[in-house]
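So this block is data.cif, mmCIF, C-alpha atoms (C1' of nucleotides):
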```cif
data_my_file
#
loop_
_atom_site.group_PDB
_atom_site.id
_atom_site.type_symbol
_atom_site.label_atom_id
_atom_site.label_comp_id
_atom_site.auth_asym_id
_atom_site.auth_seq_id
_atom_site.Cartn_x
_atom_site.Cartn_y
_atom_site.Cartn_z
ATOM 1 C CA MET A 29 8.247 8.665 4.447
ATOM 2 C CA ASN A 30 11.592 6.870 4.420
ATOM 3 C CA ARG A 31 15.085 7.412 5.799
ATOM 4 C CA VAL A 32 17.138 7.288 2.600
ATOM 5 C CA ARG A 33 18.208 10.941 2.734
ATOM 6 C CA GLU A 34 19.248 10.658 6.371
ATOM 7 C CA PHE A 35 21.417 7.598 5.750
ATOM 8 C CA ARG A 36 22.863 9.008 2.536
ATOM 9 C CA LYS A 37 23.909 12.234 4.245
ATOM 10 C CA ASN A 38 25.419 10.352 7.159
ATOM 11 C CA ARG A 39 27.682 8.680 4.651
ATOM 12 C CA GLY A 40 28.574 11.973 2.970
ATOM 13 C CA LEU A 41 27.162 10.937 -0.398
ATOM 14 C CA SER A 42 25.402 13.149 -2.942
ATOM 15 C CA GLN A 43 22.299 11.883 -4.733
ATOM 16 C CA PHE A 44 24.453 11.573 -7.814
ATOM 17 C CA THR A 45 27.172 9.517 -6.137
ATOM 18 C CA LEU A 46 24.684 7.191 -4.488
ATOM 19 C CA ALA A 47 22.825 6.774 -7.759
ATOM 20 C CA GLU A 48 26.074 5.879 -9.530
ATOM 21 C CA LYS A 49 27.053 3.284 -6.934
ATOM 22 C CA ILE A 50 23.672 1.623 -7.194
ATOM 23 C CA GLY A 51 23.384 1.969 -10.937
ATOM 24 C CA VAL A 52 20.259 4.099 -11.238
ATOM 25 C CA ALA A 53 19.624 7.647 -12.412
ATOM 26 C CA ARG A 54 20.058 10.530 -9.991
ATOM 27 C CA GLN A 55 16.424 11.474 -10.511
ATOM 28 C CA THR A 56 15.362 8.093 -9.221
ATOM 29 C CA ILE A 57 17.119 8.713 -5.895
ATOM 30 C CA ASN A 58 15.670 12.198 -5.729
ATOM 31 C CA LEU A 59 12.118 10.949 -6.278
ATOM 32 C CA ILE A 60 12.475 8.215 -3.677
ATOM 33 C CA GLU A 61 13.876 10.608 -1.065
ATOM 34 C CA ASN A 62 10.950 12.927 -1.672
ATOM 35 C CA GLY A 63 8.416 10.113 -1.472
ATOM 36 C CA LYS A 64 7.222 10.724 -5.007
ATOM 37 C CA TYR A 65 7.151 7.135 -5.951
ATOM 38 C CA ASN A 66 7.242 3.566 -5.216
ATOM 39 C CA PRO A 67 10.612 1.896 -5.840
ATOM 40 C CA SER A 68 11.035 -1.764 -6.679
ATOM 41 C CA LEU A 69 12.118 -4.279 -4.049
ATOM 42 C CA LYS A 70 15.454 -4.818 -5.782
ATOM 43 C CA LEU A 71 16.205 -1.137 -5.663
ATOM 44 C CA CYS A 72 15.230 -0.939 -1.989
ATOM 45 C CA ILE A 73 17.601 -3.812 -1.262
ATOM 46 C CA SER A 74 20.434 -2.152 -3.204
ATOM 47 C CA LEU A 75 19.862 1.051 -1.259
ATOM 48 C CA ALA A 76 19.844 -0.737 2.081
ATOM 49 C CA GLU A 77 23.049 -2.600 1.252
ATOM 50 C CA GLU A 78 24.850 0.462 -0.073
ATOM 51 C CA LEU A 79 23.802 2.486 2.964
ATOM 52 C CA GLY A 80 24.850 -0.239 5.381
ATOM 53 C CA THR A 81 21.397 -0.872 6.744
ATOM 54 C CA ASP A 82 18.310 -2.984 6.059
ATOM 55 C CA LEU A 83 14.794 -2.783 4.649
ATOM 56 C CA ASN A 84 12.977 -2.248 7.917
ATOM 57 C CA THR A 85 15.249 0.589 8.966
ATOM 58 C CA LEU A 86 14.898 2.442 5.686
ATOM 59 C CA PHE A 87 11.271 1.757 4.783
ATOM 60 C CA TRP A 88 9.227 0.147 7.556
ATOM 61 C CA LYS A 89 6.741 2.351 9.364
ATOM 62 C CA VAL A 90 8.928 5.412 9.421
ATOM 63 C CA ASP A 91 7.766 7.866 12.075
ATOM 64 C CA ASP A 92 7.441 11.248 10.396
ATOM 65 C CA THR A 93 5.674 13.111 13.179
ATOM 66 C CA GLN A 94 7.609 16.110 14.562
ATOM 67 C CA MET B 34 14.069 -16.113 -2.551
ATOM 68 C CA ASN B 35 11.427 -14.799 -0.132
ATOM 69 C CA ARG B 36 9.141 -16.183 2.557
ATOM 70 C CA VAL B 37 5.737 -15.100 1.230
ATOM 71 C CA ARG B 38 4.494 -18.625 0.540
ATOM 72 C CA GLU B 39 5.569 -19.844 3.967
ATOM 73 C CA PHE B 40 3.742 -17.032 5.775
ATOM 74 C CA ARG B 41 0.671 -17.290 3.544
ATOM 75 C CA LYS B 42 0.314 -21.019 4.220
ATOM 76 C CA ASN B 43 0.794 -20.549 7.941
ATOM 77 C CA ARG B 44 -2.245 -18.302 7.837
ATOM 78 C CA GLY B 45 -4.242 -20.809 5.780
ATOM 79 C CA LEU B 46 -4.708 -18.430 2.857
ATOM 80 C CA SER B 47 -4.820 -19.316 -0.841
ATOM 81 C CA GLN B 48 -2.984 -17.160 -3.362
ATOM 82 C CA PHE B 49 -6.387 -15.945 -4.481
ATOM 83 C CA THR B 50 -7.570 -14.978 -1.001
ATOM 84 C CA LEU B 51 -4.342 -13.192 -0.177
ATOM 85 C CA ALA B 52 -4.445 -11.375 -3.518
ATOM 86 C CA GLU B 53 -8.021 -10.250 -2.822
ATOM 87 C CA LYS B 54 -7.185 -8.935 0.641
ATOM 88 C CA ILE B 55 -4.269 -6.930 -0.730
ATOM 89 C CA GLY B 56 -6.030 -5.831 -3.875
ATOM 90 C CA VAL B 57 -3.808 -7.356 -6.541
ATOM 91 C CA ALA B 58 -4.291 -10.139 -9.071
ATOM 92 C CA ARG B 59 -3.709 -13.754 -8.073
ATOM 93 C CA GLN B 60 -1.014 -14.013 -10.723
ATOM 94 C CA THR B 61 0.919 -11.260 -9.039
ATOM 95 C CA ILE B 62 1.138 -13.255 -5.803
ATOM 96 C CA ASN B 63 2.067 -16.366 -7.735
ATOM 97 C CA LEU B 64 4.902 -14.603 -9.564
ATOM 98 C CA ILE B 65 6.264 -13.103 -6.365
ATOM 99 C CA GLU B 66 6.203 -16.427 -4.531
ATOM 100 C CA ASN B 67 8.095 -18.008 -7.401
ATOM 101 C CA GLY B 68 10.636 -15.203 -7.545
ATOM 102 C CA LYS B 69 9.706 -14.312 -11.098
ATOM 103 C CA TYR B 70 9.684 -10.639 -10.506
ATOM 104 C CA ASN B 71 10.432 -7.664 -8.539
ATOM 105 C CA PRO B 72 7.443 -6.278 -6.636
ATOM 106 C CA SER B 73 7.043 -2.634 -5.685
ATOM 107 C CA LEU B 74 7.780 -1.427 -2.177
ATOM 108 C CA LYS B 75 4.105 -0.640 -1.555
ATOM 109 C CA LEU B 76 3.133 -4.165 -2.439
ATOM 110 C CA CYS B 77 5.864 -5.599 -0.204
ATOM 111 C CA ILE B 78 4.565 -3.487 2.665
ATOM 112 C CA SER B 79 0.959 -4.598 2.052
ATOM 113 C CA LEU B 80 2.109 -8.214 2.046
ATOM 114 C CA ALA B 81 4.066 -7.803 5.255
ATOM 115 C CA GLU B 82 1.149 -6.136 6.996
ATOM 116 C CA GLU B 83 -1.424 -8.660 5.787
ATOM 117 C CA LEU B 84 0.837 -11.546 6.813
ATOM 118 C CA GLY B 85 1.517 -10.039 10.226
ATOM 119 C CA THR B 86 5.218 -9.606 9.688
ATOM 120 C CA ASP B 87 7.710 -7.060 8.331
ATOM 121 C CA LEU B 88 9.921 -6.337 5.333
ATOM 122 C CA ASN B 89 13.100 -7.857 6.695
ATOM 123 C CA THR B 90 11.419 -11.104 7.633
ATOM 124 C CA LEU B 91 9.790 -11.555 4.244
ATOM 125 C CA PHE B 92 12.456 -10.184 1.915
ATOM 126 C CA TRP B 93 15.800 -9.491 3.570
ATOM 127 C CA LYS B 94 18.622 -11.901 2.810
ATOM 128 C CA VAL B 95 16.486 -15.013 2.893
ATOM 129 C CA ASP B 96 18.620 -18.093 3.469
ATOM 130 C CA ASP B 97 17.651 -20.616 0.824
ATOM 131 C CA THR B 98 20.433 -23.129 1.403
ATOM 132 C CA GLN B 99 19.187 -26.548 2.610
ATOM 133 C "C1'" DC C 115 31.532 37.683 -5.903
ATOM 134 C "C1'" DT C 116 32.242 33.867 -9.146
ATOM 135 C "C1'" DT C 117 32.417 29.045 -9.959
ATOM 136 C "C1'" DT C 118 31.110 24.475 -9.083
ATOM 137 C "C1'" DT C 119 28.250 21.107 -6.925
ATOM 138 C "C1'" DT C 120 23.932 19.599 -5.445
ATOM 139 C "C1'" DT C 121 19.140 19.363 -5.637
ATOM 140 C "C1'" DG C 122 14.364 19.866 -7.613
ATOM 141 C "C1'" DT C 123 11.726 19.505 -11.566
ATOM 142 C "C1'" DC C 124 9.958 18.947 -16.432
ATOM 143 C "C1'" DA C 125 9.177 16.359 -20.725
ATOM 144 C "C1'" DT C 126 9.823 12.375 -23.485
ATOM 145 C "C1'" DA C 127 11.002 7.627 -24.014
ATOM 146 C "C1'" DT C 128 11.518 2.649 -22.636
ATOM 147 C "C1'" DA C 129 11.310 -1.367 -19.600
ATOM 148 C "C1'" DT C 130 8.753 -3.867 -16.674
ATOM 149 C "C1'" DA C 131 5.221 -4.414 -12.884
ATOM 150 C "C1'" DG C 132 0.709 -5.678 -12.498
ATOM 151 C "C1'" DT C 133 -4.116 -6.854 -14.873
ATOM 152 C "C1'" DT C 134 -7.317 -9.701 -17.268
ATOM 153 C "C1'" DG C 135 -8.959 -13.804 -19.246
ATOM 154 C "C1'" DA C 136 -8.046 -18.316 -20.281
ATOM 155 C "C1'" DC C 137 -6.515 -23.141 -20.001
ATOM 156 C "C1'" DA C 138 -4.146 -27.290 -17.958
ATOM 157 C "C1'" DT C 139 -2.905 -29.952 -14.030
ATOM 158 C "C1'" DC C 140 -3.180 -31.635 -9.465
ATOM 159 C "C1'" DA C 141 -5.569 -32.311 -5.050
ATOM 160 C "C1'" DT C 142 -9.949 -32.419 -2.472
ATOM 161 C "C1'" DT C 143 -14.500 -33.079 -1.995
ATOM 162 C "C1'" DT C 144 -18.971 -35.040 -3.000
ATOM 163 C "C1'" DA D 285 -16.184 -40.401 -11.490
ATOM 164 C "C1'" DA D 286 -17.583 -35.796 -11.611
ATOM 165 C "C1'" DA D 287 -17.232 -31.256 -9.519
ATOM 166 C "C1'" DT D 288 -14.565 -27.813 -7.058
ATOM 167 C "C1'" DG D 289 -10.527 -25.357 -5.502
ATOM 168 C "C1'" DA D 290 -5.563 -24.309 -5.801
ATOM 169 C "C1'" DT D 291 -1.649 -23.485 -8.489
ATOM 170 C "C1'" DG D 292 1.358 -22.669 -12.690
ATOM 171 C "C1'" DT D 293 1.619 -20.555 -16.938
ATOM 172 C "C1'" DC D 294 0.589 -17.988 -21.380
ATOM 173 C "C1'" DA D 295 -0.647 -13.927 -24.231
ATOM 174 C "C1'" DA D 296 -2.136 -9.316 -24.649
ATOM 175 C "C1'" DC D 297 -2.960 -5.159 -22.423
ATOM 176 C "C1'" DT D 298 -2.334 -0.968 -19.245
ATOM 177 C "C1'" DA D 299 -0.033 1.544 -15.626
ATOM 178 C "C1'" DT D 300 3.996 3.093 -13.795
ATOM 179 C "C1'" DA D 301 9.039 2.683 -12.489
ATOM 180 C "C1'" DT D 302 13.188 4.181 -14.292
ATOM 181 C "C1'" DA D 303 16.272 6.544 -17.927
ATOM 182 C "C1'" DT D 304 17.896 10.517 -20.452
ATOM 183 C "C1'" DG D 305 18.656 15.255 -21.354
ATOM 184 C "C1'" DA D 306 17.916 19.684 -19.916
ATOM 185 C "C1'" DC D 307 17.309 23.868 -17.080
ATOM 186 C "C1'" DA D 308 16.879 26.742 -12.837
ATOM 187 C "C1'" DA D 309 17.833 27.677 -8.216
ATOM 188 C "C1'" DA D 310 20.093 26.860 -3.859
ATOM 189 C "C1'" DA D 311 24.227 25.659 -1.418
ATOM 190 C "C1'" DA D 312 29.034 25.090 -0.942
ATOM 191 C "C1'" DA D 313 33.694 26.041 -2.415
ATOM 192 C "C1'" DG D 314 37.076 28.926 -4.540
#
```
Using structure tokens, write down the structure from this file.
Amino acid sequence: MNRVREFRKNRGLSQFTLAEKIGVARQTINLIENGKYNPSLKLCISLAEELGTDLNTLFWKVDDTQ
Amino acid sequence: MNRVREFRKNRGLSQFTLAEKIGVARQTINLIENGKYNPSLKLCISLAEELGTDLNTLFWKVDDTQ
DNA sequence: CTTTTTTGTCATATATAGTTGACATCATTT
DNA sequence: AAATGATGTCAACTATATATGACAAAAAAG
């Protein structure tokens, strides 16, 4: 799906804390981590910056098998 | 802003043709190319795939100076 | 065990992405 | 010079991303 949860946990952030830093609601982070919707590009970029990574790493052809 | 127009032209596609292939309206492509809004992640991924590239190349920290 | 934090989820509301149809302008083609 | 194709833009509409408030359950901390 995507690697947001993995990167968030590596940084020791809760969904709430990450949401606050980025300026969205906690539910928005939760839904994205669970692949329940389709975030905007701006939000994806904010996430990548806050998590110290980039768009491809977080969202490009994530291998979910195994 | 982003490199959609550049990649589209390199492939010899019109906004209309690209829109058709991806399944969105022509206006949507036009607005994205002109940075007038914030596309969804799914659309960004469709664009990257159709243009034979990836998210970072199209949308990540595009250098617009010069 | 009790308390607090974190996560998942629901329902309602609002902002905005994306659609549709239309028209003007510019560039190509005939 | 007329016809065609590409692009920019507008207005009105629909779909959906995101917000807000709330509650339950799991996990972590005391």
Could you write out chain A as a CSV table (one decimal) with C-alpha atoms, keeping the file's coordinate frame once it has been least-squares superposed on chain B using every ordered C-alpha pair?
```
chain,number,residue,atom,x,y,z
A,29,MET,CA,14.1,-16.1,-2.5
A,30,ASN,CA,11.4,-14.8,-0.1
A,31,ARG,CA,9.1,-16.2,2.6
A,32,VAL,CA,5.7,-15.1,1.3
A,33,ARG,CA,4.5,-18.6,0.6
A,34,GLU,CA,5.6,-19.8,4.0
A,35,PHE,CA,3.7,-17.0,5.8
A,36,ARG,CA,0.7,-17.3,3.6
A,37,LYS,CA,0.3,-21.0,4.2
A,38,ASN,CA,0.8,-20.5,8.0
A,39,ARG,CA,-2.3,-18.3,7.8
A,40,GLY,CA,-4.2,-20.8,5.8
A,41,LEU,CA,-4.7,-18.4,2.9
A,42,SER,CA,-4.8,-19.3,-0.8
A,43,GLN,CA,-3.0,-17.2,-3.4
A,44,PHE,CA,-6.4,-16.0,-4.5
A,45,THR,CA,-7.6,-15.0,-1.0
A,46,LEU,CA,-4.3,-13.2,-0.2
A,47,ALA,CA,-4.4,-11.4,-3.5
A,48,GLU,CA,-8.0,-10.3,-2.8
A,49,LYS,CA,-7.2,-9.0,0.6
A,50,ILE,CA,-4.3,-7.0,-0.7
A,51,GLY,CA,-6.0,-5.9,-3.9
A,52,VAL,CA,-3.8,-7.4,-6.5
A,53,ALA,CA,-4.3,-10.1,-9.1
A,54,ARG,CA,-3.7,-13.7,-8.1
A,55,GLN,CA,-1.0,-14.0,-10.7
A,56,THR,CA,1.0,-11.3,-9.0
A,57,ILE,CA,1.2,-13.3,-5.8
A,58,ASN,CA,2.1,-16.4,-7.7
A,59,LEU,CA,4.9,-14.6,-9.5
A,60,ILE,CA,6.3,-13.1,-6.3
A,61,GLU,CA,6.2,-16.4,-4.5
A,62,ASN,CA,8.1,-18.0,-7.3
A,63,GLY,CA,10.7,-15.2,-7.5
A,64,LYS,CA,9.8,-14.4,-11.0
A,65,TYR,CA,9.7,-10.7,-10.5
A,66,ASN,CA,10.4,-7.7,-8.5
A,67,PRO,CA,7.4,-6.3,-6.6
A,68,SER,CA,7.0,-2.6,-5.7
A,69,LEU,CA,7.8,-1.4,-2.2
A,70,LYS,CA,4.1,-0.6,-1.6
A,71,LEU,CA,3.1,-4.2,-2.4
A,72,CYS,CA,5.9,-5.6,-0.2
A,73,ILE,CA,4.6,-3.5,2.7
A,74,SER,CA,1.0,-4.6,2.0
A,75,LEU,CA,2.1,-8.2,2.0
A,76,ALA,CA,4.1,-7.8,5.3
A,77,GLU,CA,1.1,-6.1,7.0
A,78,GLU,CA,-1.4,-8.6,5.8
A,79,LEU,CA,0.8,-11.5,6.8
A,80,GLY,CA,1.5,-10.0,10.2
A,81,THR,CA,5.2,-9.6,9.7
A,82,ASP,CA,7.7,-7.0,8.3
A,83,LEU,CA,9.9,-6.3,5.3
A,84,ASN,CA,13.1,-7.8,6.7
A,85,THR,CA,11.4,-11.1,7.6
A,86,LEU,CA,9.8,-11.5,4.3
A,87,PHE,CA,12.4,-10.2,1.9
A,88,TRP,CA,15.8,-9.5,3.6
A,89,LYS,CA,18.6,-11.9,2.8
A,90,VAL,CA,16.5,-15.0,2.9
A,91,ASP,CA,18.6,-18.1,3.4
A,92,ASP,CA,17.6,-20.6,0.7
A,93,THR,CA,20.3,-23.1,1.2
A,94,GLN,CA,19.1,-26.6,2.2
```
**Request:** Would you list the contacts of DT121 (chain C) as a PyMOL selection string, taking every protein, DNA or RNA residue within 10 Å and counting all atoms listed in the file, but skipping same-chain residues closer than 2 positions in sequence?
**Result:** (chain A and resi 42-44+54-55+58) or (chain C and resi 119+123) or (chain D and resi 309-311)
**Request:** Taking all atoms listed in the file into account, report as a PyMOL selection string which residues of chain D lie within 9 Å of chain B.
**Result:** chain D and resi 290-292+301
Mind running chain B against chain A at 6 Å and telling me each contacting residue's nearest atom pair with the distance in Å (one decimal), counting all atoms listed in the file, chain and number ascending, as a tab-separated table?
```
residue	atom	partner	partner_atom	distance
B:Asn71	CA	A:Leu69	CA	5.9
B:Pro72	CA	A:Leu69	CA	5.7
B:Ser73	CA	A:Ser68	CA	4.2
B:Leu74	CA	A:Leu69	CA	5.5
B:Leu88	CA	A:Asn84	CA	5.7
B:Asn89	CA	A:Leu83	CA	5.7
```
Let me see the file: selected residues, C-alpha atoms, as a short mmCIF file (atom, residue, chain, number, x, y, z; two decimals), keeping the file's coordinate frame.
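Writing done, so here's result.cif:
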```
data_model
loop_
_atom_site.label_atom_id
_atom_site.label_comp_id
_atom_site.auth_asym_id
_atom_site.auth_seq_id
_atom_site.Cartn_x
_atom_site.Cartn_y
_atom_site.Cartn_z
CA ASN B 71 10.43 -7.66 -8.54
CA PRO B 72 7.44 -6.28 -6.64
CA SER B 73 7.04 -2.63 -5.68
CA LEU B 74 7.78 -1.43 -2.18
CA LEU B 88 9.92 -6.34 5.33
CA ASN B 89 13.10 -7.86 6.70
#
```
**Request:** Please evaluate the PyMOL selection byres ((chain C) within 9 of (chain B)) against the displayed coordinates and give the resulting residues as a PyMOL selection string.
**Result:** chain C and resi 131-134
**Prompt:** In Å to one decimal, how far is C1' of DC115 (chain C) from C1' of DA312 (chain D)?
**Reply:**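 If I compute the distance from C1' of DA312 (chain D) to C1' of DC115 (chain C), I get 13.8 Å.
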**Request:** One decimal, Å: what's the distance from CA of Thr50 (chain B) over to C1' of DA285 (chain D), could you say?
**Result:** 28.8 Å
**Item:** Explicit residues for the PyMOL selection byres ((chain C and resi 129) around 8) (as number ranges by chain)
**Value:** C: 128, 130; D: 302
**Request:** Kindly give the distance, in Å, that separates C1' of DT139 (chain C) and CA of Met34 (chain B), rounded to a single decimal.
**Result:**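 Going from C1' of DT139 (chain C) over to CA of Met34 (chain B), I get 24.7 Å.
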**Message:** Residue by residue, what does the PyMOL selection byres ((chain D and resi 314) around 10) grab here? Present the result as a list in words.
**Reply:**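 Residues picked by the PyMOL selection byres ((chain D and resi 314) around 10): DT116, DT117 and DT118 of chain C; DA312 and DA313 of chain D.
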Same residues, C-alpha atoms (C1' of nucleotides), output as an mmCIF file, in the coordinates of the input:
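What landed in again-v3.cif:
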```
data_model
loop_
_atom_site.group_PDB
_atom_site.id
_atom_site.type_symbol
_atom_site.label_atom_id
_atom_site.label_comp_id
_atom_site.auth_asym_id
_atom_site.auth_seq_id
_atom_site.Cartn_x
_atom_site.Cartn_y
_atom_site.Cartn_z
ATOM 1 C "C1'" DT C 116 32.242 33.867 -9.146
ATOM 2 C "C1'" DT C 117 32.417 29.045 -9.959
ATOM 3 C "C1'" DT C 118 31.110 24.475 -9.083
ATOM 4 C "C1'" DA D 312 29.034 25.090 -0.942
ATOM 5 C "C1'" DA D 313 33.694 26.041 -2.415
#
```
With all atoms of region 126-132 of chain C from the file as input, state the centre and edge lengths in Å to one decimal of the axis-aligned box that has 8 Å extra on each side, as AutoDock Vina command-line options.
```
--center_x 6.1 --center_y 3.3 --center_z -18.3 --size_x 26.8 --size_y 34.1 --size_z 27.5
```
